[in-house]
file input_35.pdb (PDB, C-alpha atoms)
ATOM      1  CA  MET Q   1       3.869  23.325  55.085  1.00  0.00           C
ATOM      2  CA  SER Q   2       1.530  26.109  54.233  1.00  0.00           C
ATOM      3  CA  ILE Q   3      -1.989  25.682  52.920  1.00  0.00           C
ATOM      4  CA  LYS Q   4      -0.827  26.819  49.480  1.00  0.00           C
ATOM      5  CA  GLN Q   5       1.933  24.189  49.430  1.00  0.00           C
ATOM      6  CA  ASN Q   6      -0.493  21.487  50.580  1.00  0.00           C
ATOM      7  CA  ARG Q   7      -2.947  22.453  47.874  1.00  0.00           C
ATOM      8  CA  SER Q   8      -0.207  22.467  45.246  1.00  0.00           C
ATOM      9  CA  ARG Q   9       1.019  19.006  46.328  1.00  0.00           C
ATOM     10  CA  THR Q  10      -2.559  17.661  46.281  1.00  0.00           C
ATOM     11  CA  ILE Q  11      -3.028  18.927  42.727  1.00  0.00           C
ATOM     12  CA  GLU Q  12       0.283  17.304  41.726  1.00  0.00           C
ATOM     13  CA  ILE Q  13      -0.824  13.954  43.181  1.00  0.00           C
ATOM     14  CA  ILE Q  14      -4.174  14.155  41.386  1.00  0.00           C
ATOM     15  CA  TYR Q  15      -2.362  14.962  38.133  1.00  0.00           C
ATOM     16  CA  ILE Q  16       0.068  12.039  38.604  1.00  0.00           C
ATOM     17  CA  ILE Q  17      -2.810   9.616  39.199  1.00  0.00           C
ATOM     18  CA  PHE Q  18      -4.781  11.002  36.239  1.00  0.00           C
ATOM     19  CA  LEU Q  19      -1.771  10.782  33.926  1.00  0.00           C
ATOM     20  CA  GLY Q  20      -1.058   7.221  35.058  1.00  0.00           C
ATOM     21  CA  ILE Q  21      -4.620   6.114  34.386  1.00  0.00           C
ATOM     22  CA  ILE Q  22      -4.847   7.864  31.021  1.00  0.00           C
ATOM     23  CA  ILE Q  23      -1.578   6.278  29.836  1.00  0.00           C
ATOM     24  CA  ALA Q  24      -2.823   2.783  30.719  1.00  0.00           C
ATOM     25  CA  VAL Q  25      -6.171   3.475  29.012  1.00  0.00           C
ATOM     26  CA  PHE Q  26      -4.325   4.864  25.982  1.00  0.00           C
ATOM     27  CA  VAL Q  27      -2.287   1.665  25.643  1.00  0.00           C
ATOM     28  CA  GLY Q  28      -5.345  -0.576  26.122  1.00  0.00           C
ATOM     29  CA  LEU Q  29      -7.447   1.342  23.599  1.00  0.00           C
ATOM     30  CA  GLY Q  30      -4.535   1.526  21.160  1.00  0.00           C
ATOM     31  CA  ILE Q  31      -4.137  -2.232  21.242  1.00  0.00           C
ATOM     32  CA  SER Q  32      -7.883  -2.701  20.832  1.00  0.00           C
ATOM     33  CA  ALA Q  33      -8.082  -0.240  17.926  1.00  0.00           C
ATOM     34  CA  PHE Q  34      -5.267  -1.762  15.888  1.00  0.00           C
ATOM     35  CA  TYR Q  35      -5.426  -5.432  16.913  1.00  0.00           C
ATOM     36  CA  ASN Q  36      -8.975  -6.737  16.751  1.00  0.00           C
ATOM     37  CA  GLU Q  37     -10.232  -9.354  19.173  1.00  0.00           C
ATOM     38  CA  PRO Q  38     -11.611 -12.551  17.596  1.00  0.00           C
ATOM     39  CA  LYS Q  39     -15.393 -12.686  17.484  1.00  0.00           C
ATOM     40  CA  TYR Q  40     -17.275 -15.457  19.230  1.00  0.00           C
ATOM     41  CA  PRO Q  41     -19.017 -17.670  16.632  1.00  0.00           C
ATOM     42  CA  GLU Q  42     -22.747 -17.230  16.306  1.00  0.00           C
ATOM     43  CA  MET Q  43     -24.833 -20.304  17.016  1.00  0.00           C
ATOM     44  CA  PRO Q  44     -26.935 -21.393  14.010  1.00  0.00           C
ATOM     45  CA  SER Q  45     -30.600 -20.556  14.501  1.00  0.00           C
ATOM     46  CA  THR Q  46     -31.635 -24.196  14.027  1.00  0.00           C
ATOM     47  CA  LEU Q  47     -29.527 -25.151  17.058  1.00  0.00           C
ATOM     48  CA  LYS Q  48     -31.020 -22.369  19.185  1.00  0.00           C
ATOM     49  CA  VAL Q  49     -34.528 -23.835  18.985  1.00  0.00           C
ATOM     50  CA  TYR Q  50     -33.530 -27.481  19.166  1.00  0.00           C
ATOM     51  CA  SER Q  51     -34.124 -29.248  22.470  1.00  0.00           C
ATOM     52  CA  VAL Q  52     -34.569 -32.828  23.574  1.00  0.00           C
ATOM     53  CA  PRO Q  53     -37.777 -33.541  25.516  1.00  0.00           C
ATOM     54  CA  VAL Q  54     -36.984 -34.610  29.060  1.00  0.00           C
ATOM     55  CA  GLU Q  55     -39.805 -37.187  29.209  1.00  0.00           C
ATOM     56  CA  SER Q  56     -38.590 -39.449  26.446  1.00  0.00           C
ATOM     57  CA  PRO Q  57     -35.148 -38.574  25.072  1.00  0.00           C
ATOM     58  CA  LYS Q  58     -34.735 -42.078  23.576  1.00  0.00           C
ATOM     59  CA  ASP Q  59     -37.766 -41.635  21.335  1.00  0.00           C
ATOM     60  CA  TYR Q  60     -36.559 -38.325  19.985  1.00  0.00           C
ATOM     61  CA  SER Q  61     -34.708 -38.645  16.697  1.00  0.00           C
ATOM     62  CA  ILE Q  62     -31.980 -36.186  15.797  1.00  0.00           C
ATOM     63  CA  SER Q  63     -31.522 -35.374  12.148  1.00  0.00           C
ATOM     64  CA  ALA Q  64     -28.091 -35.814  10.595  1.00  0.00           C
ATOM     65  CA  ASP Q  65     -28.252 -32.161   9.521  1.00  0.00           C
ATOM     66  CA  LEU Q  66     -28.555 -31.024  13.146  1.00  0.00           C
ATOM     67  CA  VAL Q  67     -25.701 -33.275  14.213  1.00  0.00           C
ATOM     68  CA  ASP Q  68     -23.508 -31.839  11.442  1.00  0.00           C
ATOM     69  CA  LYS Q  69     -24.435 -28.260  12.356  1.00  0.00           C
ATOM     70  CA  GLN Q  70     -23.671 -28.931  16.015  1.00  0.00           C
ATOM     71  CA  ALA Q  71     -20.318 -30.500  15.148  1.00  0.00           C
ATOM     72  CA  LYS Q  72     -19.445 -27.556  12.914  1.00  0.00           C
ATOM     73  CA  TYR Q  73     -20.452 -25.068  15.616  1.00  0.00           C
ATOM     74  CA  ASP Q  74     -18.449 -26.983  18.252  1.00  0.00           C
ATOM     75  CA  LYS Q  75     -15.386 -26.802  15.963  1.00  0.00           C
ATOM     76  CA  GLU Q  76     -15.899 -23.041  15.518  1.00  0.00           C
ATOM     77  CA  VAL Q  77     -16.075 -22.576  19.296  1.00  0.00           C
ATOM     78  CA  GLU Q  78     -12.925 -24.670  19.735  1.00  0.00           C
ATOM     79  CA  ASP Q  79     -11.117 -22.577  17.103  1.00  0.00           C
ATOM     80  CA  TYR Q  80     -12.342 -19.403  18.805  1.00  0.00           C
ATOM     81  CA  GLN Q  81     -10.922 -20.573  22.155  1.00  0.00           C
ATOM     82  CA  LYS Q  82      -7.520 -21.131  20.566  1.00  0.00           C
ATOM     83  CA  ASN Q  83      -7.676 -17.744  18.821  1.00  0.00           C
ATOM     84  CA  ILE Q  84      -8.742 -15.852  21.964  1.00  0.00           C
ATOM     85  CA  ASN Q  85      -5.960 -17.514  23.975  1.00  0.00           C
ATOM     86  CA  ASP Q  86      -3.427 -16.425  21.336  1.00  0.00           C
ATOM     87  CA  TYR Q  87      -4.977 -12.950  21.270  1.00  0.00           C
ATOM     88  CA  ASN Q  88      -4.738 -12.565  25.053  1.00  0.00           C
ATOM     89  CA  ARG Q  89      -1.110 -13.731  24.988  1.00  0.00           C
ATOM     90  CA  ASN Q  90      -0.228 -11.265  22.238  1.00  0.00           C
ATOM     91  CA  VAL Q  91      -2.061  -8.376  23.930  1.00  0.00           C
ATOM     92  CA  SER Q  92      -0.233  -9.141  27.145  1.00  0.00           C
ATOM     93  CA  ILE Q  93       3.147  -9.074  25.405  1.00  0.00           C
ATOM     94  CA  ILE Q  94       2.331  -5.832  23.572  1.00  0.00           C
ATOM     95  CA  ALA Q  95       1.189  -4.224  26.839  1.00  0.00           C
ATOM     96  CA  LEU Q  96       4.318  -5.499  28.582  1.00  0.00           C
ATOM     97  CA  ILE Q  97       6.513  -3.856  25.943  1.00  0.00           C
ATOM     98  CA  ALA Q  98       4.510  -0.631  26.219  1.00  0.00           C
ATOM     99  CA  SER Q  99       4.881  -0.654  30.002  1.00  0.00           C
ATOM    100  CA  ILE Q 100       8.650  -1.127  29.752  1.00  0.00           C
ATOM    101  CA  ILE Q 101       8.823   1.800  27.309  1.00  0.00           C
ATOM    102  CA  ALA Q 102       6.729   3.988  29.638  1.00  0.00           C
ATOM    103  CA  LEU Q 103       8.837   3.035  32.649  1.00  0.00           C
ATOM    104  CA  SER Q 104      12.041   3.778  30.726  1.00  0.00           C
ATOM    105  CA  VAL Q 105      10.712   7.162  29.615  1.00  0.00           C
ATOM    106  CA  SER Q 106       9.763   7.983  33.204  1.00  0.00           C
ATOM    107  CA  LEU Q 107      13.332   7.300  34.337  1.00  0.00           C
ATOM    108  CA  LEU Q 108      14.697   9.533  31.555  1.00  0.00           C
ATOM    109  CA  LEU Q 109      12.362  12.368  32.591  1.00  0.00           C
ATOM    110  CA  ALA Q 110      12.947  11.924  36.324  1.00  0.00           C
ATOM    111  CA  GLN Q 111      15.606  14.620  36.665  1.00  0.00           C
ATOM    112  CA  LYS Q 112      13.891  17.378  34.687  1.00  0.00           C
ATOM    113  CA  LEU Q 113      10.112  16.845  34.799  1.00  0.00           C
ATOM    114  CA  LEU Q 114       9.432  15.150  38.114  1.00  0.00           C
ATOM    115  CA  VAL Q 115       5.615  15.357  38.158  1.00  0.00           C
ATOM    116  CA  ILE Q 116       5.266  14.157  34.556  1.00  0.00           C
ATOM    117  CA  ALA Q 117       7.870  11.440  35.163  1.00  0.00           C
ATOM    118  CA  ASP Q 118       5.889  10.221  38.172  1.00  0.00           C
ATOM    119  CA  GLY Q 119       2.670  10.148  36.104  1.00  0.00           C
ATOM    120  CA  VAL Q 120       4.363   8.228  33.295  1.00  0.00           C
ATOM    121  CA  LEU Q 121       5.846   5.888  35.892  1.00  0.00           C
ATOM    122  CA  LEU Q 122       2.402   5.215  37.342  1.00  0.00           C
ATOM    123  CA  GLY Q 123       1.029   4.716  33.813  1.00  0.00           C
ATOM    124  CA  GLY Q 124       3.771   2.172  33.160  1.00  0.00           C
ATOM    125  CA  VAL Q 125       2.910   0.360  36.373  1.00  0.00           C
ATOM    126  CA  PHE Q 126      -0.817   0.301  35.487  1.00  0.00           C
ATOM    127  CA  THR Q 127       0.028  -0.947  31.975  1.00  0.00           C
ATOM    128  CA  LEU Q 128       2.246  -3.643  33.477  1.00  0.00           C
ATOM    129  CA  LEU Q 129      -0.661  -4.683  35.697  1.00  0.00           C
ATOM    130  CA  TYR Q 130      -2.939  -4.765  32.624  1.00  0.00           C
ATOM    131  CA  SER Q 131      -0.397  -7.006  30.883  1.00  0.00           C
ATOM    132  CA  VAL Q 132      -0.314  -9.423  33.810  1.00  0.00           C
ATOM    133  CA  VAL Q 133      -4.128  -9.549  33.993  1.00  0.00           C
ATOM    134  CA  ARG Q 134      -4.443 -10.199  30.231  1.00  0.00           C
ATOM    135  CA  VAL Q 135      -1.907 -13.027  30.256  1.00  0.00           C
ATOM    136  CA  PHE Q 136      -4.149 -15.056  32.560  1.00  0.00           C
ATOM    137  CA  GLY Q 137      -6.559 -15.410  29.621  1.00  0.00           C
ATOM    138  CA  SER Q 138      -3.856 -16.938  27.426  1.00  0.00           C
ATOM    139  CA  GLY Q 139      -4.230 -20.503  28.679  1.00  0.00           C
ATOM    140  CA  ASP Q 140      -0.456 -20.999  28.591  1.00  0.00           C
ATOM    141  CA  ASP Q 141       1.291 -21.398  31.946  1.00  0.00           C
ATOM    142  CA  LYS Q 142       4.764 -20.815  30.487  1.00  0.00           C
ATOM    143  CA  VAL Q 143       3.735 -17.496  28.942  1.00  0.00           C
ATOM    144  CA  ARG Q 144       1.996 -16.516  32.195  1.00  0.00           C
ATOM    145  CA  PHE Q 145       5.135 -17.316  34.151  1.00  0.00           C
ATOM    146  CA  SER Q 146       7.317 -15.419  31.664  1.00  0.00           C
ATOM    147  CA  VAL Q 147       5.177 -12.277  31.736  1.00  0.00           C
ATOM    148  CA  VAL Q 148       4.920 -12.303  35.528  1.00  0.00           C
ATOM    149  CA  THR Q 149       8.703 -12.883  35.764  1.00  0.00           C
ATOM    150  CA  VAL Q 150       9.418  -9.937  33.479  1.00  0.00           C
ATOM    151  CA  GLY Q 151       6.931  -7.854  35.476  1.00  0.00           C
ATOM    152  CA  LEU Q 152       8.646  -8.773  38.733  1.00  0.00           C
ATOM    153  CA  CYS Q 153      12.096  -8.004  37.323  1.00  0.00           C
ATOM    154  CA  VAL Q 154      10.912  -4.661  35.966  1.00  0.00           C
ATOM    155  CA  ALA Q 155       9.276  -3.764  39.288  1.00  0.00           C
ATOM    156  CA  LEU Q 156      12.400  -4.684  41.292  1.00  0.00           C
ATOM    157  CA  THR Q 157      14.730  -2.857  38.890  1.00  0.00           C
ATOM    158  CA  LEU Q 158      12.503   0.182  38.832  1.00  0.00           C
ATOM    159  CA  GLY Q 159      12.232   0.218  42.617  1.00  0.00           C
ATOM    160  CA  TYR Q 160      16.009   0.028  42.911  1.00  0.00           C
ATOM    161  CA  ILE Q 161      16.626   2.801  40.369  1.00  0.00           C
ATOM    162  CA  LYS Q 162      13.860   5.068  41.618  1.00  0.00           C
ATOM    163  CA  PHE Q 163      14.223   4.726  45.378  1.00  0.00           C
ATOM    164  CA  ILE Q 164      17.567   3.195  46.346  1.00  0.00           C
ATOM    165  CA  ARG Q 165      19.992   4.485  43.717  1.00  0.00           C
ATOM    166  CA  GLN Q 166      18.604   8.040  43.921  1.00  0.00           C
ATOM    167  CA  GLU Q 167      19.210   8.112  47.668  1.00  0.00           C
ATOM    168  CA  LYS Q 168      22.882   7.262  47.136  1.00  0.00           C
TER     169      LYS Q 168
END
call {"tool": "encode", "arguments": {"input": "input_35.pdb", "output": "structure tokens"}}
result
Amino acid sequence: MSIKQNRSRTIEIIYIIFLGIIIAVFVGLGISAFYNEPKYPEMPSTLKVYSVPVESPKDYSISADLVDKQAKYDKEVEDYQKNINDYNRNVSIIALIASIIALSVSLLLAQKLLVIADGVLLGGVFTLLYSVVRVFGSGDDKVRFSVVTVGLCVALTLGYIKFIRQEK
């Protein structure tokens, strides 16, 4: 290989990596822009300054108002945890669908636009990885297993189509 060919191949590899990263970022930012993450509830200011003295906690009386505010805040935090788990599950599924679309597009482009197809393929793989990482925040083992199973099946199928079937 000549120096010019080496340089050209290096530029192609850099472009493939860049395209892969930018596709994954595009999907992540797209999800974030159109599907807002739940906000963590703000602690009431009266609970922020409340503390029980260590010396004599038995002598310290707690007002019913503070107990009610704490209970309400605890319920808001509990609701937030459920909402953020659902959000992470949904984001993971959306990213999984986007990765499958990207991987499918890369296979369609493989014959005509090899460098772009490889970049889209890498972007699909990065998006699939993002999906798997997000599902771990869902709190649901069955959904985690399902997403990882789909990811594994997609990776095996893609590997077969891209590397084994093309050789034949």
call {"tool": "atom_distance", "arguments": {"input": "input_35.pdb", "atom1": "atom CA of Phe145 of chain Q", "atom2": "atom CA of Val132 of chain Q"}}
result
9.6 Å
call {"tool": "atom_distance", "arguments": {"input": "input_35.pdb", "atom1": "atom CA of Phe34 of chain Q", "atom2": "atom CA of Tyr80 of chain Q"}}
result
19.2 Å
call {"tool": "closest_residue", "arguments": {"input": "input_35.pdb", "among": "Q:Tyr130, Q:Ile13, Q:Glu37, Q:Ile3", "to": "Leu114 of chain Q", "atoms": "only C-alpha atoms"}}
result
Q:Ile13
call {"tool": "closest_residue", "arguments": {"input": "input_35.pdb", "among": "Q:Val105, Q:Leu122, Q:Ile100, Q:Val27", "to": "Cys153 of chain Q", "atoms": "all atoms listed in the file"}}
result
Q:Ile100
call {"tool": "atom_distance", "arguments": {"input": "input_35.pdb", "atom1": "atom CA of Ile17 of chain Q", "atom2": "atom CA of Ser146 of chain Q"}}
result
28.0 Å
call {"tool": "resolve_selection", "arguments": {"input": "input_35.pdb", "expression": "the PyMOL selection byres ((chain Q and resi 92) around 7)", "output": "compact mmCIF listing (two decimals) with C-alpha atoms, in the coordinates of the input"}}
result
# COMPACT_ATOMS: atom_id res chain seq x y z
CA ASN Q 88 -4.74 -12.56 25.05
CA ARG Q 89 -1.11 -13.73 24.99
CA ASN Q 90 -0.23 -11.26 22.24
CA VAL Q 91 -2.06 -8.38 23.93
CA ILE Q 93 3.15 -9.07 25.40
CA ILE Q 94 2.33 -5.83 23.57
CA ALA Q 95 1.19 -4.22 26.84
CA LEU Q 96 4.32 -5.50 28.58
CA SER Q 131 -0.40 -7.01 30.88
CA VAL Q 132 -0.31 -9.42 33.81
CA ARG Q 134 -4.44 -10.20 30.23
CA VAL Q 135 -1.91 -13.03 30.26
call {"tool": "resolve_selection", "arguments": {"input": "input_35.pdb", "expression": "the PyMOL selection byres ((chain Q and resi 121) around 8)", "output": "list in words"}}
result
Gly20, Ala102, Leu103, Ser106, Leu107, Ala117, Asp118, Gly119, Val120, Leu122, Gly123, Gly124 and Val125 of chain Q
call {"tool": "residues_around", "arguments": {"input": "input_35.pdb", "residues": "Asn83 of chain Q", "least_positions_apart": "2", "cutoff": "12 Å", "atoms": "all atoms listed in the file", "output": "tab-separated table (two decimals) with C-alpha atoms, keeping the file's coordinate frame"}}
result
chain	number	residue	atom	x	y	z
Q	36	ASN	CA	-8.98	-6.74	16.75
Q	37	GLU	CA	-10.23	-9.35	19.17
Q	38	PRO	CA	-11.61	-12.55	17.60
Q	39	LYS	CA	-15.39	-12.69	17.48
Q	40	TYR	CA	-17.27	-15.46	19.23
Q	41	PRO	CA	-19.02	-17.67	16.63
Q	76	GLU	CA	-15.90	-23.04	15.52
Q	77	VAL	CA	-16.08	-22.58	19.30
Q	78	GLU	CA	-12.92	-24.67	19.74
Q	79	ASP	CA	-11.12	-22.58	17.10
Q	80	TYR	CA	-12.34	-19.40	18.80
Q	81	GLN	CA	-10.92	-20.57	22.16
Q	85	ASN	CA	-5.96	-17.51	23.98
Q	86	ASP	CA	-3.43	-16.42	21.34
Q	87	TYR	CA	-4.98	-12.95	21.27
Q	88	ASN	CA	-4.74	-12.56	25.05
Q	89	ARG	CA	-1.11	-13.73	24.99
Q	90	ASN	CA	-0.23	-11.26	22.24
Q	137	GLY	CA	-6.56	-15.41	29.62
Q	138	SER	CA	-3.86	-16.94	27.43
Q	139	GLY	CA	-4.23	-20.50	28.68
